[in-house]
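Trainee: Take a look at this one; I'll ask things after.
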Amino acid sequence: MDSFTVAGKTYTSRLLVGTGKYRSMAETKAVIEASGAEIVTVALRRMDLSKKGDGSLQEALDPKKYTYLPNSAGCYTAEDAVRTLRLARELGGWNLVKLEVIGDKQTLYPDMEETLKAADILVKDGFHVMAYGNDDPIAAKKLEEAGCVAIMPLAAPIGSGLGIQNPLNIRLIVERARVPVLVDAGVGTASDACVAMELGCDGVLMNTALAEAQHPLMMAEAMKQAVIAGRLAYLAGRMPRREYAVASSPEEGKLNAFAPL
């Protein structure tokens, strides 16, 4: 069975999903179940993980069934991100975290200098860091060298739904990485997820693409199948691209239409 491993744990689903923006907790649960995801990311600044019982996220999504991936969304400095993720460990013992440090309120692009600073602190503090960043092969390598257990380059700005804007860079990151690479942010529809997997990524993380779809449950199923299809296509190895046409049928042994019977 095809699977990937991060921080010593193996997963069969390569689709990771967020828990925000849904219209209700019931919809959150239904969509995530339909997606087949095993890892769910939670914005600590927007979701109260200390809450338990009826109406809570932990009641809807059993932490024994799902791997919770607390994230530092909404943090603009390394200091804030480190403080936020340390809170995750205090609340539930979570050591696997998604590091995200934003540098600009309009574009929500990551601040890679602050991200690297936070990654270094968190890794030394015993965290398993999955780091969100730009689609920059150099920055991605620096995050890996800092000890991050996974690299998460953006496809496009957060929540934009524009799909992968720089497939060349994503491919370069994948080729050079020795840790899992997961496209994060900017996925809008199933074809975007499929392209990410065809480029060799180990997984795809999304939230808005599901929560803001006209039919979130249907989109969750579409994304689940797209990730599987893209992965299979990558493993199968696509045909070479050619500048000119090549006939599908062989030239040898073909009948001459003008030859006498």
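Ordering of the structure tokens sets the chain letters (A, B, ...); residue numbers start at 1 within each chain; ligands are numbered from 1 in the order shown.
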Could you pull out the residues in stretch 117-224 of chain A that DSSP calls helix (DSSP H, G or I) from the backbone, as a PyMOL selection string?

Mentor: chain A and resi 117-124+137-145+167-176+190-198+208-211+216-224

Trainee: Select, from A:Thr189, A:Asp2, A:Cys148, A:Thr115, the residue with the minimum atom-to-atom distance to A:Gln214, counting only C-alpha atoms.

Mentor: A:Thr189

Trainee: I'd like the neighbourhood of A:Ala222 as a VMD selection string, where a residue qualifies if any of its atoms comes within 7 Å (using only C-alpha atoms), though same-chain residues fewer than 4 positions away should be ignored.

Mentor: chain A and resid 190 218 226

Trainee: Once you have the residues from the selection above, write them out as a compact mmCIF listing (two decimals), in the first residue's frame, restricted to N, CA, C and O atoms.

Mentor:
# COMPACT_ATOMS: atom_id res chain seq x y z
N ALA A 190 -9.80 20.10 -7.97
CA ALA A 190 -9.17 18.79 -8.01
C ALA A 190 -7.94 18.73 -8.92
O ALA A 190 -6.95 18.07 -8.60
N MET A 218 -18.96 16.99 -1.78
CA MET A 218 -18.61 16.51 -3.12
C MET A 218 -17.17 16.88 -3.47
O MET A 218 -16.43 16.08 -4.06
N ALA A 226 -8.48 12.92 -6.63
CA ALA A 226 -7.46 13.63 -7.40
C ALA A 226 -6.06 13.36 -6.85
O ALA A 226 -5.11 13.17 -7.62

Trainee: Near A:Val101, counting only C-alpha atoms, which residues have an atom at most 8 Å away, once you skip same-chain residues fewer than 2 positions from it, shown as a ChimeraX atom specification?

Mentor: /A:72-78,81,99,103,110-112,114-115

Trainee: Please build the interface table for stretch 175-239 of chain A against stretch 29-47 of chain A with a cut-off of 6 Å, listing for each qualifying residue the nearest atom pair and the distance in Å to one decimal; count only C-alpha atoms, order rows by chain and increasing number, and write it as JSON lines.

Mentor:
{"residue": "A:Leu217", "atom": "CA", "partner": "A:Val31", "partner_atom": "CA", "distance": 5.1}
{"residue": "A:Ala220", "atom": "CA", "partner": "A:Ser35", "partner_atom": "CA", "distance": 4.6}
{"residue": "A:Glu221", "atom": "CA", "partner": "A:Ser35", "partner_atom": "CA", "distance": 5.6}
{"residue": "A:Lys224", "atom": "CA", "partner": "A:Ser35", "partner_atom": "CA", "distance": 5.4}

Trainee: Using only C-alpha atoms, find the one residue out of A:Asn207, A:Thr67, A:Asn134, A:Gln225 that sits nearest to A:Tyr109.

Mentor: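 With only C-alpha atoms as the atom set, the closest residue is A:Asn134.
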
Trainee: Write out as a list of chain:residue names all residues of stretch 69-163 of chain A that DSSP puts in strand (DSSP E or B) for this structure's backbone.

Mentor: A:Leu69, A:Pro70, A:Asn71, A:Leu96, A:Val97, A:Lys98, A:Leu99, A:Ile102, A:Pro110, A:His128, A:Val129, A:Met130, A:Ala131, A:Tyr132, A:Gly133, A:Ala150, A:Ile151, A:Met152, A:Pro153

Trainee: So which residues touch A:Leu122 within 12 Å, counting only C-alpha atoms, skipping near sequence neighbours fewer than 5 positions away, as number ranges by chain?

Mentor: A: 78-86, 89, 95-99, 115-117, 127-131, 143, 146-149

Trainee: Identify, on the basis of only C-alpha atoms, every residue whose closest approach to stretch 200-202 of chain A does not exceed 8 Å; exclude the query and any residue fewer than 6 positions from it along the same chain; express the result as number ranges by chain.

Mentor: A: 4, 14, 171, 174, 180-183, 231, 234

Trainee: Atom CA of A:Met152 to atom CA of A:Gly133: how many Å, to one decimal?

Mentor: 6.1 Å

Trainee: Pick the closest to A:Ala185 from A:Gly8, A:Pro63, A:Gly126, A:Gly18: which is it, counting only C-alpha atoms?

Mentor: A:Gly18

Trainee: Residues within 7 Å of A:Ile173, please, as a PDB file with all heavy atoms, in the first residue's frame. Count only C-alpha atoms; anything in the same chain fewer than 4 positions from it doesn't count.

Mentor:
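Heads up, here's the output in around.pdb:
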ATOM      1  N   PRO A 137      13.330  27.004  -3.736  1.00  0.00           N
ATOM      2  CA  PRO A 137      14.152  25.824  -3.447  1.00  0.00           C
ATOM      3  C   PRO A 137      15.260  26.084  -2.421  1.00  0.00           C
ATOM      4  O   PRO A 137      15.589  25.190  -1.638  1.00  0.00           O
ATOM      5  CB  PRO A 137      14.743  25.461  -4.816  1.00  0.00           C
ATOM      6  CG  PRO A 137      13.782  26.036  -5.807  1.00  0.00           C
ATOM      7  CD  PRO A 137      13.277  27.296  -5.186  1.00  0.00           C
ATOM      8  N   ALA A 140      13.624  26.341   1.019  1.00  0.00           N
ATOM      9  CA  ALA A 140      13.155  25.003   1.395  1.00  0.00           C
ATOM     10  C   ALA A 140      14.312  24.158   1.924  1.00  0.00           C
ATOM     11  O   ALA A 140      14.174  23.433   2.918  1.00  0.00           O
ATOM     12  CB  ALA A 140      12.496  24.323   0.200  1.00  0.00           C
ATOM     13  N   ASN A 169       9.553  25.339  -9.713  1.00  0.00           N
ATOM     14  CA  ASN A 169      10.136  25.438  -8.378  1.00  0.00           C
ATOM     15  C   ASN A 169       9.681  24.306  -7.461  1.00  0.00           C
ATOM     16  O   ASN A 169      10.460  23.781  -6.670  1.00  0.00           O
ATOM     17  CB  ASN A 169       9.792  26.792  -7.746  1.00  0.00           C
ATOM     18  CG  ASN A 169      10.745  27.888  -8.193  1.00  0.00           C
ATOM     19  OD1 ASN A 169      11.449  27.742  -9.189  1.00  0.00           O
ATOM     20  ND2 ASN A 169      10.767  28.984  -7.467  1.00  0.00           N
ATOM     21  N   ALA A 177      14.789  17.516  -1.908  1.00  0.00           N
ATOM     22  CA  ALA A 177      14.420  17.279  -0.506  1.00  0.00           C
ATOM     23  C   ALA A 177      14.643  15.830  -0.088  1.00  0.00           C
ATOM     24  O   ALA A 177      14.442  14.907  -0.871  1.00  0.00           O
ATOM     25  CB  ALA A 177      12.967  17.662  -0.282  1.00  0.00           C
TER      26      ALA A 177
END

Trainee: Which of these residues is nearest to A:Ala155, using only C-alpha atoms: A:Leu69, A:Val179, A:Val204, A:Leu172?

Mentor: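 Of the candidates, the smallest distance to A:Ala155 is held by A:Val204.
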
Trainee: Which residue out of A:Val246, A:Glu145, A:Leu57, A:Gly93 has the minimum interatomic distance to A:Val123 when only C-alpha atoms are used?

Mentor: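 Of A:Val246, A:Glu145, A:Leu57, A:Gly93, the one nearest A:Val123 is A:Glu145, counting only C-alpha atoms.
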
Trainee: From the options A:Thr19, A:Thr208, A:Lys105, A:Tyr11, which residue's atoms come nearest to A:Lys65, counting only C-alpha atoms?

Mentor: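 Of A:Thr19, A:Thr208, A:Lys105, A:Tyr11, the one nearest A:Lys65, counting only C-alpha atoms, is A:Tyr11.
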